[in-house]
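Data block for data.pdb (PDB, C-alpha atoms):
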```pdb
ATOM      1  CA  MET A   1     198.899  23.993 133.666
ATOM      2  CA  THR A   2     198.394  26.925 131.270
ATOM      3  CA  ASN A   3     198.871  24.571 128.315
ATOM      4  CA  ASP A   4     196.275  22.195 129.799
ATOM      5  CA  ILE A   5     193.747  25.034 130.008
ATOM      6  CA  LYS A   6     194.511  26.082 126.425
ATOM      7  CA  HIS A   7     194.032  22.504 125.205
ATOM      8  CA  HIS A   8     190.856  22.218 127.227
ATOM      9  CA  ASN A   9     189.454  25.484 125.806
ATOM     10  CA  ALA A  10     190.341  24.452 122.264
ATOM     11  CA  PHE A  11     188.543  21.157 122.810
ATOM     12  CA  VAL A  12     185.435  22.889 124.209
ATOM     13  CA  ASP A  13     185.482  25.374 121.312
ATOM     14  CA  ARG A  14     185.537  22.467 118.841
ATOM     15  CA  VAL A  15     182.637  20.779 120.641
ATOM     16  CA  PHE A  16     180.554  23.964 120.606
ATOM     17  CA  GLU A  17     181.377  24.652 116.960
ATOM     18  CA  GLY A  18     180.335  21.093 116.101
ATOM     19  CA  LYS A  19     177.043  21.587 117.932
ATOM     20  CA  LYS A  20     176.401  24.859 116.090
ATOM     21  CA  GLU A  21     177.057  23.159 112.770
ATOM     22  CA  TYR A  22     174.664  20.330 113.712
ATOM     23  CA  HIS A  23     171.892  22.792 114.585
ATOM     24  CA  ARG A  24     172.445  24.847 111.414
ATOM     25  CA  ASN A  25     172.205  21.682 109.322
ATOM     26  CA  ALA A  26     169.034  20.635 111.174
ATOM     27  CA  ALA A  27     167.536  24.021 110.303
ATOM     28  CA  LYS A  28     168.065  23.227 106.599
ATOM     29  CA  LEU A  29     166.199  19.899 106.614
ATOM     30  CA  PRO A  30     163.084  19.654 104.408
ATOM     31  CA  ILE A  31     159.944  20.740 106.265
ATOM     32  CA  GLU A  32     158.417  17.263 105.908
ATOM     33  CA  GLU A  33     161.406  15.741 107.723
ATOM     34  CA  LYS A  34     161.222  18.450 110.398
ATOM     35  CA  VAL A  35     157.546  17.642 111.021
ATOM     36  CA  ARG A  36     158.427  13.949 111.364
ATOM     37  CA  ILE A  37     161.062  14.859 113.978
ATOM     38  CA  LEU A  38     158.597  17.230 115.644
ATOM     39  CA  VAL A  39     156.125  14.397 116.191
ATOM     40  CA  GLU A  40     158.870  12.332 117.839
ATOM     41  CA  LEU A  41     159.657  15.320 120.092
ATOM     42  CA  GLN A  42     155.944  15.622 120.922
ATOM     43  CA  LYS A  43     155.863  11.975 122.033
ATOM     44  CA  ILE A  44     158.823  12.550 124.346
ATOM     45  CA  ALA A  45     157.451  15.830 125.723
ATOM     46  CA  ALA A  46     153.948  14.424 126.200
ATOM     47  CA  ALA A  47     155.287  11.412 128.090
ATOM     48  CA  ILE A  48     156.902  13.783 130.546
ATOM     49  CA  LYS A  49     154.306  16.542 130.700
ATOM     50  CA  ASN A  50     151.118  14.456 130.757
ATOM     51  CA  ASN A  51     152.363  12.771 133.913
ATOM     52  CA  ASP A  52     153.040  15.877 135.949
ATOM     53  CA  THR A  53     151.129  18.936 137.032
ATOM     54  CA  ILE A  54     150.615  20.537 133.603
ATOM     55  CA  LYS A  55     146.870  20.708 133.119
ATOM     56  CA  LYS A  56     146.657  21.278 129.374
ATOM     57  CA  LYS A  57     146.309  17.989 127.490
ATOM     58  CA  ARG A  58     148.923  17.636 124.790
ATOM     59  CA  ILE A  59     147.736  16.060 121.555
ATOM     60  CA  ILE A  60     150.357  14.241 119.532
ATOM     61  CA  TRP A  61     149.914  14.928 115.844
ATOM     62  CA  GLN A  62     148.649  12.214 113.539
ATOM     63  CA  ILE A  63     150.418  13.000 110.294
ATOM     64  CA  ASP A  64     150.024   9.719 108.385
TER      65      ASP A  64
ATOM     66  CA  MET B   1     149.783  18.072 108.069
ATOM     67  CA  ASP B   2     149.011  18.235 104.319
ATOM     68  CA  LYS B   3     145.411  17.125 104.908
ATOM     69  CA  THR B   4     145.018  19.806 107.575
ATOM     70  CA  LEU B   5     146.385  22.457 105.229
ATOM     71  CA  ILE B   6     143.967  21.378 102.490
ATOM     72  CA  VAL B   7     141.046  21.907 104.906
ATOM     73  CA  ILE B   8     142.377  25.330 105.945
ATOM     74  CA  ASP B   9     142.711  26.307 102.286
ATOM     75  CA  ARG B  10     139.102  25.229 101.700
ATOM     76  CA  MET B  11     138.051  27.481 104.587
ATOM     77  CA  LEU B  12     139.872  30.342 102.873
ATOM     78  CA  GLN B  13     138.223  29.579  99.531
ATOM     79  CA  GLU B  14     134.806  29.535 101.202
ATOM     80  CA  GLY B  15     135.420  33.001 102.673
ATOM     81  CA  LEU B  16     135.637  32.111 106.378
ATOM     82  CA  PHE B  17     138.604  34.482 106.587
ATOM     83  CA  ARG B  18     140.247  36.861 104.116
ATOM     84  CA  LYS B  19     143.797  35.553 104.386
ATOM     85  CA  TYR B  20     145.848  33.288 106.637
ATOM     86  CA  ALA B  21     149.452  32.482 107.441
ATOM     87  CA  ILE B  22     151.123  29.865 109.608
ATOM     88  CA  GLY B  23     152.862  31.489 112.572
ATOM     89  CA  GLY B  24     154.032  30.363 116.010
ATOM     90  CA  GLY B  25     156.195  27.299 116.477
ATOM     91  CA  ILE B  26     155.248  25.689 113.165
ATOM     92  CA  GLY B  27     155.876  28.934 111.291
ATOM     93  CA  ALA B  28     159.305  28.930 112.932
ATOM     94  CA  LEU B  29     159.842  25.293 111.954
ATOM     95  CA  PHE B  30     160.097  26.361 108.313
ATOM     96  CA  TYR B  31     163.265  28.324 109.195
ATOM     97  CA  ILE B  32     164.940  26.682 112.206
ATOM     98  CA  GLU B  33     165.647  23.220 113.607
ATOM     99  CA  PRO B  34     162.711  21.235 115.055
ATOM    100  CA  MET B  35     161.662  22.218 118.578
ATOM    101  CA  ALA B  36     158.756  20.680 120.487
ATOM    102  CA  THR B  37     155.444  22.411 119.932
ATOM    103  CA  PHE B  38     151.897  21.051 119.886
ATOM    104  CA  ASP B  39     149.742  23.667 118.165
ATOM    105  CA  LEU B  40     149.437  24.719 114.567
ATOM    106  CA  ASP B  41     148.918  28.474 114.981
ATOM    107  CA  ILE B  42     147.065  30.047 112.073
ATOM    108  CA  PHE B  43     146.983  33.833 112.032
ATOM    109  CA  ILE B  44     143.952  35.026 110.097
ATOM    110  CA  LEU B  45     142.605  38.263 108.723
ATOM    111  CA  PRO B  46     138.995  37.764 109.772
ATOM    112  CA  VAL B  47     135.880  38.722 107.891
ATOM    113  CA  GLU B  48     134.076  41.620 109.552
ATOM    114  CA  ASP B  49     130.290  41.766 109.705
ATOM    115  CA  PRO B  50     128.503  44.913 108.455
ATOM    116  CA  ALA B  51     128.791  46.444 111.918
ATOM    117  CA  GLY B  52     132.565  46.009 111.797
ATOM    118  CA  LEU B  53     132.539  43.264 114.425
ATOM    119  CA  ILE B  54     134.692  40.176 114.232
ATOM    120  CA  SER B  55     133.258  36.781 115.010
ATOM    121  CA  LEU B  56     134.833  33.374 114.771
ATOM    122  CA  SER B  57     131.513  31.576 115.168
ATOM    123  CA  SER B  58     131.200  30.838 111.432
ATOM    124  CA  LEU B  59     134.606  29.219 111.534
ATOM    125  CA  TYR B  60     133.690  27.075 114.542
ATOM    126  CA  ASP B  61     130.301  26.168 112.991
ATOM    127  CA  TRP B  62     131.927  25.185 109.687
ATOM    128  CA  THR B  63     134.407  22.819 111.368
ATOM    129  CA  ALA B  64     131.811  21.395 113.785
ATOM    130  CA  LYS B  65     129.522  20.547 110.856
ATOM    131  CA  ARG B  66     132.326  18.532 109.314
ATOM    132  CA  GLY B  67     132.929  16.579 112.502
ATOM    133  CA  TYR B  68     136.140  18.244 113.679
ATOM    134  CA  ALA B  69     136.353  18.159 117.467
ATOM    135  CA  HIS B  70     136.826  21.337 119.479
ATOM    136  CA  VAL B  71     139.149  20.993 122.455
ATOM    137  CA  GLN B  72     139.303  24.146 124.530
ATOM    138  CA  GLU B  73     140.151  26.860 122.012
ATOM    139  CA  GLN B  74     141.621  24.458 119.477
ATOM    140  CA  ILE B  75     140.020  22.628 116.583
ATOM    141  CA  ILE B  76     141.388  19.193 115.780
ATOM    142  CA  ILE B  77     141.585  19.147 112.002
ATOM    143  CA  GLU B  78     142.741  15.879 110.436
ATOM    144  CA  GLY B  79     144.600  14.864 113.599
ATOM    145  CA  ILE B  80     146.295  18.186 114.269
ATOM    146  CA  PRO B  81     145.247  20.771 116.900
ATOM    147  CA  VAL B  82     144.763  24.063 115.081
ATOM    148  CA  GLN B  83     144.520  27.400 116.817
ATOM    149  CA  PHE B  84     142.999  30.180 114.703
ATOM    150  CA  ILE B  85     144.243  33.553 115.927
ATOM    151  CA  PRO B  86     142.698  36.716 114.453
ATOM    152  CA  ALA B  87     145.417  39.275 113.692
ATOM    153  CA  TYR B  88     145.383  41.144 117.006
ATOM    154  CA  ASN B  89     147.493  44.165 116.062
ATOM    155  CA  ASP B  90     149.024  45.946 113.069
ATOM    156  CA  LEU B  91     152.263  43.964 113.194
ATOM    157  CA  VAL B  92     150.491  40.602 113.038
ATOM    158  CA  ALA B  93     148.116  41.843 110.310
ATOM    159  CA  GLU B  94     151.100  42.980 108.235
ATOM    160  CA  ALA B  95     152.844  39.653 108.891
ATOM    161  CA  VAL B  96     149.832  37.844 107.400
ATOM    162  CA  THR B  97     149.601  40.228 104.448
ATOM    163  CA  GLN B  98     153.316  39.844 103.701
ATOM    164  CA  SER B  99     153.432  36.069 104.217
ATOM    165  CA  VAL B 100     155.149  33.847 101.662
ATOM    166  CA  GLU B 101     153.927  30.798  99.795
ATOM    167  CA  LYS B 102     155.573  27.536 100.853
ATOM    168  CA  LYS B 103     155.007  23.971  99.820
ATOM    169  CA  TYR B 104     154.350  21.127 102.264
ATOM    170  CA  LYS B 105     154.400  17.876 100.331
ATOM    171  CA  GLU B 106     152.212  18.822  97.353
ATOM    172  CA  VAL B 107     150.163  21.453  99.160
ATOM    173  CA  MET B 108     150.816  25.181  98.842
ATOM    174  CA  THR B 109     150.364  27.190 102.019
ATOM    175  CA  TYR B 110     151.238  30.590 103.470
ATOM    176  CA  VAL B 111     153.896  31.092 106.137
ATOM    177  CA  VAL B 112     154.869  34.234 108.033
ATOM    178  CA  ARG B 113     158.263  35.544 106.878
ATOM    179  CA  PRO B 114     161.100  34.913 109.371
ATOM    180  CA  GLU B 115     161.699  38.639 109.919
ATOM    181  CA  TYR B 116     158.075  39.103 111.012
ATOM    182  CA  LEU B 117     158.287  36.042 113.256
ATOM    183  CA  VAL B 118     161.298  37.649 114.966
ATOM    184  CA  ALA B 119     159.385  40.910 115.471
ATOM    185  CA  ILE B 120     156.301  39.101 116.817
ATOM    186  CA  MET B 121     158.390  37.020 119.219
ATOM    187  CA  LEU B 122     160.119  40.179 120.408
ATOM    188  CA  GLN B 123     156.796  41.956 120.847
ATOM    189  CA  THR B 124     155.262  39.018 122.741
ATOM    190  CA  SER B 125     158.424  38.356 124.767
ATOM    191  CA  ARG B 126     157.216  35.306 126.666
ATOM    192  CA  PRO B 127     160.136  33.146 127.873
ATOM    193  CA  LYS B 128     159.491  30.574 125.126
ATOM    194  CA  ASP B 129     159.442  33.343 122.496
ATOM    195  CA  LEU B 130     162.773  34.716 123.666
ATOM    196  CA  ASN B 131     164.229  31.217 123.720
ATOM    197  CA  ARG B 132     163.053  30.575 120.153
ATOM    198  CA  LEU B 133     164.252  34.021 119.123
ATOM    199  CA  GLY B 134     167.764  33.113 120.252
ATOM    200  CA  VAL B 135     167.663  30.030 118.033
ATOM    201  CA  PHE B 136     166.341  32.138 115.157
ATOM    202  CA  LEU B 137     169.275  34.502 115.356
ATOM    203  CA  GLU B 138     171.668  31.541 115.171
ATOM    204  CA  GLU B 139     169.980  29.541 112.434
ATOM    205  CA  ALA B 140     167.489  31.427 110.285
ATOM    206  CA  GLU B 141     168.484  33.254 107.144
ATOM    207  CA  LEU B 142     167.222  36.761 107.780
ATOM    208  CA  SER B 143     167.144  39.875 105.647
ATOM    209  CA  MET B 144     168.559  42.400 108.105
ATOM    210  CA  ASP B 145     167.257  45.278 105.949
ATOM    211  CA  LEU B 146     163.703  43.958 106.163
ATOM    212  CA  LEU B 147     164.044  43.075 109.844
ATOM    213  CA  ASN B 148     165.381  46.537 110.727
ATOM    214  CA  SER B 149     162.579  48.258 108.841
ATOM    215  CA  ILE B 150     159.959  46.173 110.696
ATOM    216  CA  LEU B 151     161.627  46.770 114.064
ATOM    217  CA  ASP B 152     161.795  50.526 113.388
ATOM    218  CA  LYS B 153     158.178  50.683 112.241
ATOM    219  CA  TYR B 154     156.843  48.920 115.341
ATOM    220  CA  GLY B 155     159.189  50.463 117.917
ATOM    221  CA  LEU B 156     161.043  47.238 118.640
ATOM    222  CA  LYS B 157     164.588  48.271 117.712
ATOM    223  CA  ASN B 158     165.734  49.029 121.277
ATOM    224  CA  SER B 159     164.395  45.720 122.589
ATOM    225  CA  PHE B 160     166.148  43.891 119.773
ATOM    226  CA  ASP B 161     169.459  45.682 120.356
ATOM    227  CA  LYS B 162     169.261  44.940 124.090
ATOM    228  CA  LEU B 163     168.563  41.287 123.387
ATOM    229  CA  ARG B 164     171.454  41.027 120.951
ATOM    230  CA  LYS B 165     173.795  42.806 123.351
ATOM    231  CA  GLY B 166     172.732  40.454 126.129
ATOM    232  CA  ARG B 167     173.436  37.445 123.934
ATOM    233  CA  HIS B 168     176.798  38.855 122.867
ATOM    234  CA  ASP B 169     177.825  39.479 126.480
ATOM    235  CA  GLU B 170     176.996  35.899 127.539
TER     236      GLU B 170
END
```

Using C-alpha coordinates, write down the structure from this file.
Amino acid sequence: MTNDIKHHNAFVDRVFEGKKEYHRNAAKLPIEEKVRILVELQKIAAAIKNNDTIKKKRIIWQID
Amino acid sequence: MDKTLIVIDRMLQEGLFRKYAIGGGIGALFYIEPMATFDLDIFILPVEDPAGLISLSSLYDWTAKRGYAHVQEQIIIEGIPVQFIPAYNDLVAEAVTQSVEKKYKEVMTYVVRPEYLVAIMLQTSRPKDLNRLGVFLEEAELSMDLLNSILDKYGLKNSFDKLRKGRHDE
(Lines of atoms letter the chains of each structure in order from A and count residues from 1; the text may use other names and numbers.)
(Lines give C-alpha, C1' and ligand atoms only; values in the text may rest on other atoms or scores of the structure.)
Protein backbone atom coordinates (compact mmCIF):
# COMPACT_ATOMS: atom_id res chain seq x y z
CA MET A 1 0.00 0.00 0.00
CA THR A 2 2.77 2.43 1.02
CA ASN A 3 4.67 1.57 -2.17
CA ASP A 4 1.52 2.23 -4.22
CA ILE A 5 1.20 5.69 -2.68
CA LYS A 6 4.89 6.41 -3.33
CA HIS A 7 4.52 5.34 -6.97
CA HIS A 8 1.36 7.39 -7.27
CA ASN A 9 3.03 10.50 -5.81
CA ALA A 10 6.04 10.08 -8.08
CA PHE A 11 3.72 9.84 -11.07
CA VAL A 12 1.78 12.97 -10.03
CA ASP A 13 5.06 14.83 -9.43
CA ARG A 14 6.19 13.94 -12.96
CA VAL A 15 2.87 15.12 -14.41
CA PHE A 16 3.07 18.44 -12.56
CA GLU A 17 6.71 18.94 -13.52
CA GLY A 18 5.80 18.27 -17.15
CA LYS A 19 3.01 20.84 -16.96
CA LYS A 20 5.37 23.42 -15.44
CA GLU A 21 7.87 22.82 -18.22
CA TYR A 22 5.11 23.21 -20.83
CA HIS A 23 4.01 26.54 -19.35
CA ARG A 24 7.59 27.83 -19.07
CA ASN A 25 8.19 26.97 -22.72
CA ALA A 26 4.92 28.68 -23.72
CA ALA A 27 6.14 31.80 -21.92
CA LYS A 28 9.21 31.84 -24.20
CA LEU A 29 7.29 31.76 -27.49
CA PRO A 30 7.72 34.77 -29.81
CA ILE A 31 5.17 37.50 -29.08
CA GLU A 32 3.66 37.16 -32.56
CA GLU A 33 2.92 33.48 -31.90
CA LYS A 34 1.49 34.34 -28.47
CA VAL A 35 -0.88 36.87 -30.04
CA ARG A 36 -2.02 34.24 -32.56
CA ILE A 37 -2.78 31.86 -29.66
CA LEU A 38 -4.45 34.70 -27.76
CA VAL A 39 -6.91 35.26 -30.60
CA GLU A 40 -7.80 31.55 -30.54
CA LEU A 41 -8.36 31.83 -26.76
CA GLN A 42 -10.55 34.90 -27.36
CA LYS A 43 -12.73 32.91 -29.78
CA ILE A 44 -13.21 30.17 -27.19
CA ALA A 45 -13.87 32.61 -24.33
CA ALA A 46 -16.24 34.74 -26.40
CA ALA A 47 -18.25 31.69 -27.45
CA ILE A 48 -18.83 30.93 -23.80
CA LYS A 49 -19.16 34.42 -22.38
CA ASN A 50 -21.27 36.06 -25.09
CA ASN A 51 -23.95 33.45 -24.49
CA ASP A 52 -24.33 33.93 -20.76
CA THR A 53 -25.05 36.78 -18.41
CA ILE A 54 -21.86 38.80 -18.97
CA LYS A 55 -23.01 42.14 -20.32
CA LYS A 56 -19.76 43.48 -21.77
CA LYS A 57 -19.42 42.60 -25.46
CA ARG A 58 -16.15 40.87 -26.19
CA ILE A 59 -14.47 41.85 -29.44
CA ILE A 60 -12.25 39.23 -31.02
CA TRP A 61 -9.11 40.81 -32.42
CA GLN A 62 -8.62 41.07 -36.16
CA ILE A 63 -4.88 40.74 -36.52
CA ASP A 64 -4.53 39.91 -40.23
CA MET B 1 -1.60 44.29 -33.74
CA ASP B 2 1.27 45.90 -35.71
CA LYS B 3 -1.14 48.23 -37.52
CA THR B 4 -2.66 49.25 -34.18
CA LEU B 5 0.78 49.96 -32.74
CA ILE B 6 1.68 52.10 -35.76
CA VAL B 7 -1.43 54.24 -35.13
CA ILE B 8 -0.59 54.57 -31.42
CA ASP B 9 2.95 55.63 -32.31
CA ARG B 10 1.53 58.26 -34.68
CA MET B 11 -0.60 59.57 -31.80
CA LEU B 12 2.58 59.85 -29.73
CA GLN B 13 4.42 61.65 -32.53
CA GLU B 14 1.53 64.10 -32.89
CA GLY B 15 1.71 64.94 -29.18
CA LEU B 16 -1.60 63.45 -28.00
CA PHE B 17 0.29 62.08 -25.00
CA ARG B 18 3.86 62.45 -23.75
CA LYS B 19 4.72 58.77 -23.48
CA TYR B 20 2.96 55.41 -23.51
CA ALA B 21 3.57 51.80 -22.56
CA ILE B 22 1.60 48.60 -23.05
CA GLY B 23 0.40 47.24 -19.71
CA GLY B 24 -2.36 44.90 -18.54
CA GLY B 25 -2.84 41.47 -20.05
CA ILE B 26 -1.00 42.25 -23.29
CA GLY B 27 1.92 43.76 -21.38
CA ALA B 28 2.02 40.50 -19.43
CA LEU B 29 1.86 38.49 -22.66
CA PHE B 30 5.38 39.66 -23.50
CA TYR B 31 6.66 37.76 -20.43
CA ILE B 32 4.31 34.84 -19.71
CA GLU B 33 2.28 32.22 -21.58
CA PRO B 34 -0.85 33.36 -23.45
CA MET B 35 -3.94 33.90 -21.28
CA ALA B 36 -7.30 35.13 -22.56
CA THR B 37 -7.68 38.89 -22.54
CA PHE B 38 -9.62 41.20 -24.85
CA ASP B 39 -8.23 44.70 -24.31
CA LEU B 40 -4.99 46.32 -25.32
CA ASP B 41 -4.32 48.50 -22.27
CA ILE B 42 -2.15 51.51 -23.05
CA PHE B 43 -0.90 53.45 -20.05
CA ILE B 44 -0.18 57.04 -21.05
CA LEU B 45 1.47 60.08 -19.57
CA PRO B 46 -1.13 62.62 -20.67
CA VAL B 47 -0.57 66.14 -21.86
CA GLU B 48 -1.78 68.69 -19.32
CA ASP B 49 -3.49 71.90 -20.39
CA PRO B 50 -2.16 75.24 -19.07
CA ALA B 51 -4.43 74.93 -16.04
CA GLY B 52 -2.86 71.58 -15.19
CA LEU B 53 -5.98 69.64 -16.12
CA ILE B 54 -5.92 66.36 -17.98
CA SER B 55 -8.32 65.71 -20.81
CA LEU B 56 -8.57 62.77 -23.15
CA SER B 57 -10.93 64.58 -25.51
CA SER B 58 -8.17 65.36 -28.04
CA LEU B 59 -7.33 61.68 -28.15
CA TYR B 60 -10.96 60.69 -28.71
CA ASP B 61 -11.42 63.45 -31.33
CA TRP B 62 -8.27 62.38 -33.20
CA THR B 63 -9.40 58.74 -33.45
CA ALA B 64 -13.02 59.65 -34.28
CA LYS B 65 -11.83 61.84 -37.17
CA ARG B 66 -10.00 58.86 -38.60
CA GLY B 67 -13.06 56.65 -38.41
CA TYR B 68 -12.12 54.49 -35.42
CA ALA B 69 -15.23 53.38 -33.56
CA HIS B 70 -15.66 54.08 -29.86
CA VAL B 71 -17.28 51.26 -27.90
CA GLN B 72 -17.91 52.19 -24.30
CA GLU B 73 -14.53 53.41 -23.06
CA GLN B 74 -12.57 51.59 -25.75
CA ILE B 75 -11.43 52.71 -29.17
CA ILE B 76 -11.31 50.07 -31.87
CA ILE B 77 -8.07 50.77 -33.69
CA GLU B 78 -7.34 48.56 -36.71
CA GLY B 79 -9.54 45.76 -35.35
CA ILE B 80 -8.27 45.81 -31.78
CA PRO B 81 -10.07 47.34 -28.76
CA VAL B 82 -7.66 49.80 -27.17
CA GLN B 83 -8.11 51.23 -23.71
CA PHE B 84 -6.06 54.37 -23.02
CA ILE B 85 -5.44 54.70 -19.29
CA PRO B 86 -3.81 57.89 -17.98
CA ALA B 87 -1.16 57.05 -15.38
CA TYR B 88 -3.33 57.22 -12.26
CA ASN B 89 -0.63 57.16 -9.59
CA ASP B 90 3.13 57.45 -9.11
CA LEU B 91 3.76 53.73 -9.56
CA VAL B 92 2.02 53.60 -12.93
CA ALA B 93 3.70 56.85 -14.07
CA GLU B 94 7.10 55.39 -13.17
CA ALA B 95 6.19 52.14 -14.94
CA VAL B 96 5.55 54.13 -18.14
CA THR B 97 8.72 56.18 -17.74
CA GLN B 98 10.82 53.06 -17.17
CA SER B 99 9.18 50.98 -19.92
CA VAL B 100 11.33 49.05 -22.39
CA GLU B 101 11.36 49.01 -26.16
CA LYS B 102 10.09 45.78 -27.72
CA LYS B 103 9.53 44.75 -31.29
CA TYR B 104 6.25 43.33 -32.60
CA LYS B 105 6.82 42.14 -36.15
CA GLU B 106 8.69 45.14 -37.58
CA VAL B 107 7.17 47.73 -35.26
CA MET B 108 8.95 49.09 -32.19
CA THR B 109 6.76 49.71 -29.17
CA TYR B 110 7.05 50.30 -25.43
CA VAL B 111 6.12 47.70 -22.83
CA VAL B 112 5.99 47.98 -19.05
CA ARG B 113 8.85 46.05 -17.42
CA PRO B 114 7.77 42.77 -15.76
CA GLU B 115 8.80 43.97 -12.29
CA TYR B 116 6.48 46.98 -12.60
CA LEU B 117 3.67 44.77 -13.89
CA VAL B 118 4.06 42.64 -10.75
CA ALA B 119 3.90 45.73 -8.52
CA ILE B 120 0.84 47.11 -10.35
CA MET B 121 -0.97 43.77 -10.15
CA LEU B 122 -0.17 43.59 -6.44
CA GLN B 123 -1.38 47.15 -5.91
CA THR B 124 -4.60 46.54 -7.86
CA SER B 125 -5.16 43.09 -6.34
CA ARG B 126 -8.29 42.16 -8.27
CA PRO B 127 -8.77 38.36 -8.44
CA LYS B 128 -7.59 38.29 -12.07
CA ASP B 129 -4.49 40.31 -11.15
CA LEU B 130 -3.58 37.91 -8.36
CA ASN B 131 -4.16 34.96 -10.66
CA ARG B 132 -1.88 36.47 -13.32
CA LEU B 133 0.64 37.40 -10.65
CA GLY B 134 0.90 33.74 -9.65
CA VAL B 135 1.70 32.83 -13.25
CA PHE B 136 4.24 35.65 -13.41
CA LEU B 137 6.12 34.31 -10.42
CA GLU B 138 6.32 30.89 -12.10
CA GLU B 139 7.23 31.97 -15.61
CA ALA B 140 8.59 35.49 -15.98
CA GLU B 141 12.26 36.29 -15.72
CA LEU B 142 12.35 38.92 -13.00
CA SER B 143 15.14 41.02 -11.57
CA MET B 144 14.52 40.50 -7.86
CA ASP B 145 16.73 43.51 -7.03
CA LEU B 146 14.58 45.79 -9.18
CA LEU B 147 11.35 44.21 -7.97
CA ASN B 148 12.33 44.58 -4.31
CA SER B 149 13.28 48.22 -4.78
CA ILE B 150 9.90 48.95 -6.43
CA LEU B 151 7.99 47.06 -3.74
CA ASP B 152 9.88 48.92 -0.99
CA LYS B 153 9.34 52.30 -2.64
CA TYR B 154 5.58 51.83 -2.98
CA GLY B 155 4.94 50.01 0.30
CA LEU B 156 4.06 46.70 -1.32
CA LYS B 157 6.70 44.46 0.25
CA ASN B 158 4.45 43.03 2.99
CA SER B 159 1.68 42.22 0.52
CA PHE B 160 4.19 40.51 -1.75
CA ASP B 161 5.72 38.48 1.09
CA LYS B 162 2.25 37.40 2.25
CA LEU B 163 1.33 36.35 -1.27
CA ARG B 164 4.53 34.38 -1.70
CA LYS B 165 4.11 32.72 1.69
CA GLY B 166 0.54 31.80 0.80
CA ARG B 167 1.69 30.25 -2.46
CA HIS B 168 4.50 28.38 -0.72
CA ASP B 169 2.11 26.97 1.89
CA GLU B 170 -0.32 25.66 -0.75

Which neighbours of Ala64 of chain B fall inside 12 Å, counting only C-alpha atoms, when residues of the same chain fewer than 6 positions from it are skipped, and could you give them as a PDB file with C-alpha atoms, in the coordinates of the input?
```pdb
ATOM      1  CA  SER B  57     131.513  31.576 115.168  1.00  0.00           C
ATOM      2  CA  SER B  58     131.200  30.838 111.432  1.00  0.00           C
ATOM      3  CA  HIS B  70     136.826  21.337 119.479  1.00  0.00           C
ATOM      4  CA  VAL B  71     139.149  20.993 122.455  1.00  0.00           C
ATOM      5  CA  GLN B  74     141.621  24.458 119.477  1.00  0.00           C
ATOM      6  CA  ILE B  75     140.020  22.628 116.583  1.00  0.00           C
ATOM      7  CA  ILE B  76     141.388  19.193 115.780  1.00  0.00           C
ATOM      8  CA  ILE B  77     141.585  19.147 112.002  1.00  0.00           C
TER       9      ILE B  77
END
```

When the cut-off is 10 Å and we count all atoms listed in the file, which residues of chain A are near chain B, given as a VMD selection string? chain A and resid 20 to 46 56 to 64

Now that the selection is made, can you save its residues with C-alpha atoms as an mmCIF file, in the frame of the given file?
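Result went into selection_27.cif, see below:
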```
data_model
loop_
_atom_site.group_PDB
_atom_site.id
_atom_site.type_symbol
_atom_site.label_atom_id
_atom_site.label_comp_id
_atom_site.auth_asym_id
_atom_site.auth_seq_id
_atom_site.Cartn_x
_atom_site.Cartn_y
_atom_site.Cartn_z
ATOM 1 C CA LYS A 20 176.401 24.859 116.090
ATOM 2 C CA GLU A 21 177.057 23.159 112.770
ATOM 3 C CA TYR A 22 174.664 20.330 113.712
ATOM 4 C CA HIS A 23 171.892 22.792 114.585
ATOM 5 C CA ARG A 24 172.445 24.847 111.414
ATOM 6 C CA ASN A 25 172.205 21.682 109.322
ATOM 7 C CA ALA A 26 169.034 20.635 111.174
ATOM 8 C CA ALA A 27 167.536 24.021 110.303
ATOM 9 C CA LYS A 28 168.065 23.227 106.599
ATOM 10 C CA LEU A 29 166.199 19.899 106.614
ATOM 11 C CA PRO A 30 163.084 19.654 104.408
ATOM 12 C CA ILE A 31 159.944 20.740 106.265
ATOM 13 C CA GLU A 32 158.417 17.263 105.908
ATOM 14 C CA GLU A 33 161.406 15.741 107.723
ATOM 15 C CA LYS A 34 161.222 18.450 110.398
ATOM 16 C CA VAL A 35 157.546 17.642 111.021
ATOM 17 C CA ARG A 36 158.427 13.949 111.364
ATOM 18 C CA ILE A 37 161.062 14.859 113.978
ATOM 19 C CA LEU A 38 158.597 17.230 115.644
ATOM 20 C CA VAL A 39 156.125 14.397 116.191
ATOM 21 C CA GLU A 40 158.870 12.332 117.839
ATOM 22 C CA LEU A 41 159.657 15.320 120.092
ATOM 23 C CA GLN A 42 155.944 15.622 120.922
ATOM 24 C CA LYS A 43 155.863 11.975 122.033
ATOM 25 C CA ILE A 44 158.823 12.550 124.346
ATOM 26 C CA ALA A 45 157.451 15.830 125.723
ATOM 27 C CA ALA A 46 153.948 14.424 126.200
ATOM 28 C CA LYS A 56 146.657 21.278 129.374
ATOM 29 C CA LYS A 57 146.309 17.989 127.490
ATOM 30 C CA ARG A 58 148.923 17.636 124.790
ATOM 31 C CA ILE A 59 147.736 16.060 121.555
ATOM 32 C CA ILE A 60 150.357 14.241 119.532
ATOM 33 C CA TRP A 61 149.914 14.928 115.844
ATOM 34 C CA GLN A 62 148.649 12.214 113.539
ATOM 35 C CA ILE A 63 150.418 13.000 110.294
ATOM 36 C CA ASP A 64 150.024 9.719 108.385
#
```

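For the pair atom CA of Phe17 of chain B and atom CA of Val47 of chain B, the separation is 5.2 Å.
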
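What separates atom CA of Phe43 of chain B from atom CA of Tyr110 of chain B is a distance of 10.1 Å.
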
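Across the model, the gap from atom CA of Lys128 of chain B to atom CA of Leu91 of chain B is 19.3 Å.
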
Do you know which residues are at most 12 Å from Asn131 of chain B counting only C-alpha atoms, after dropping those on the same chain fewer than 2 positions away, and could you put them as a ChimeraX atom specification? /B:25,35,118,121-122,124-129,133-138,163,167

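In terms of minimum interatomic distance to Arg18 of chain B, B:Pro86 ranks closest within B:Pro50, B:Pro86, B:Gly67, B:Pro114, counting all atoms listed in the file.
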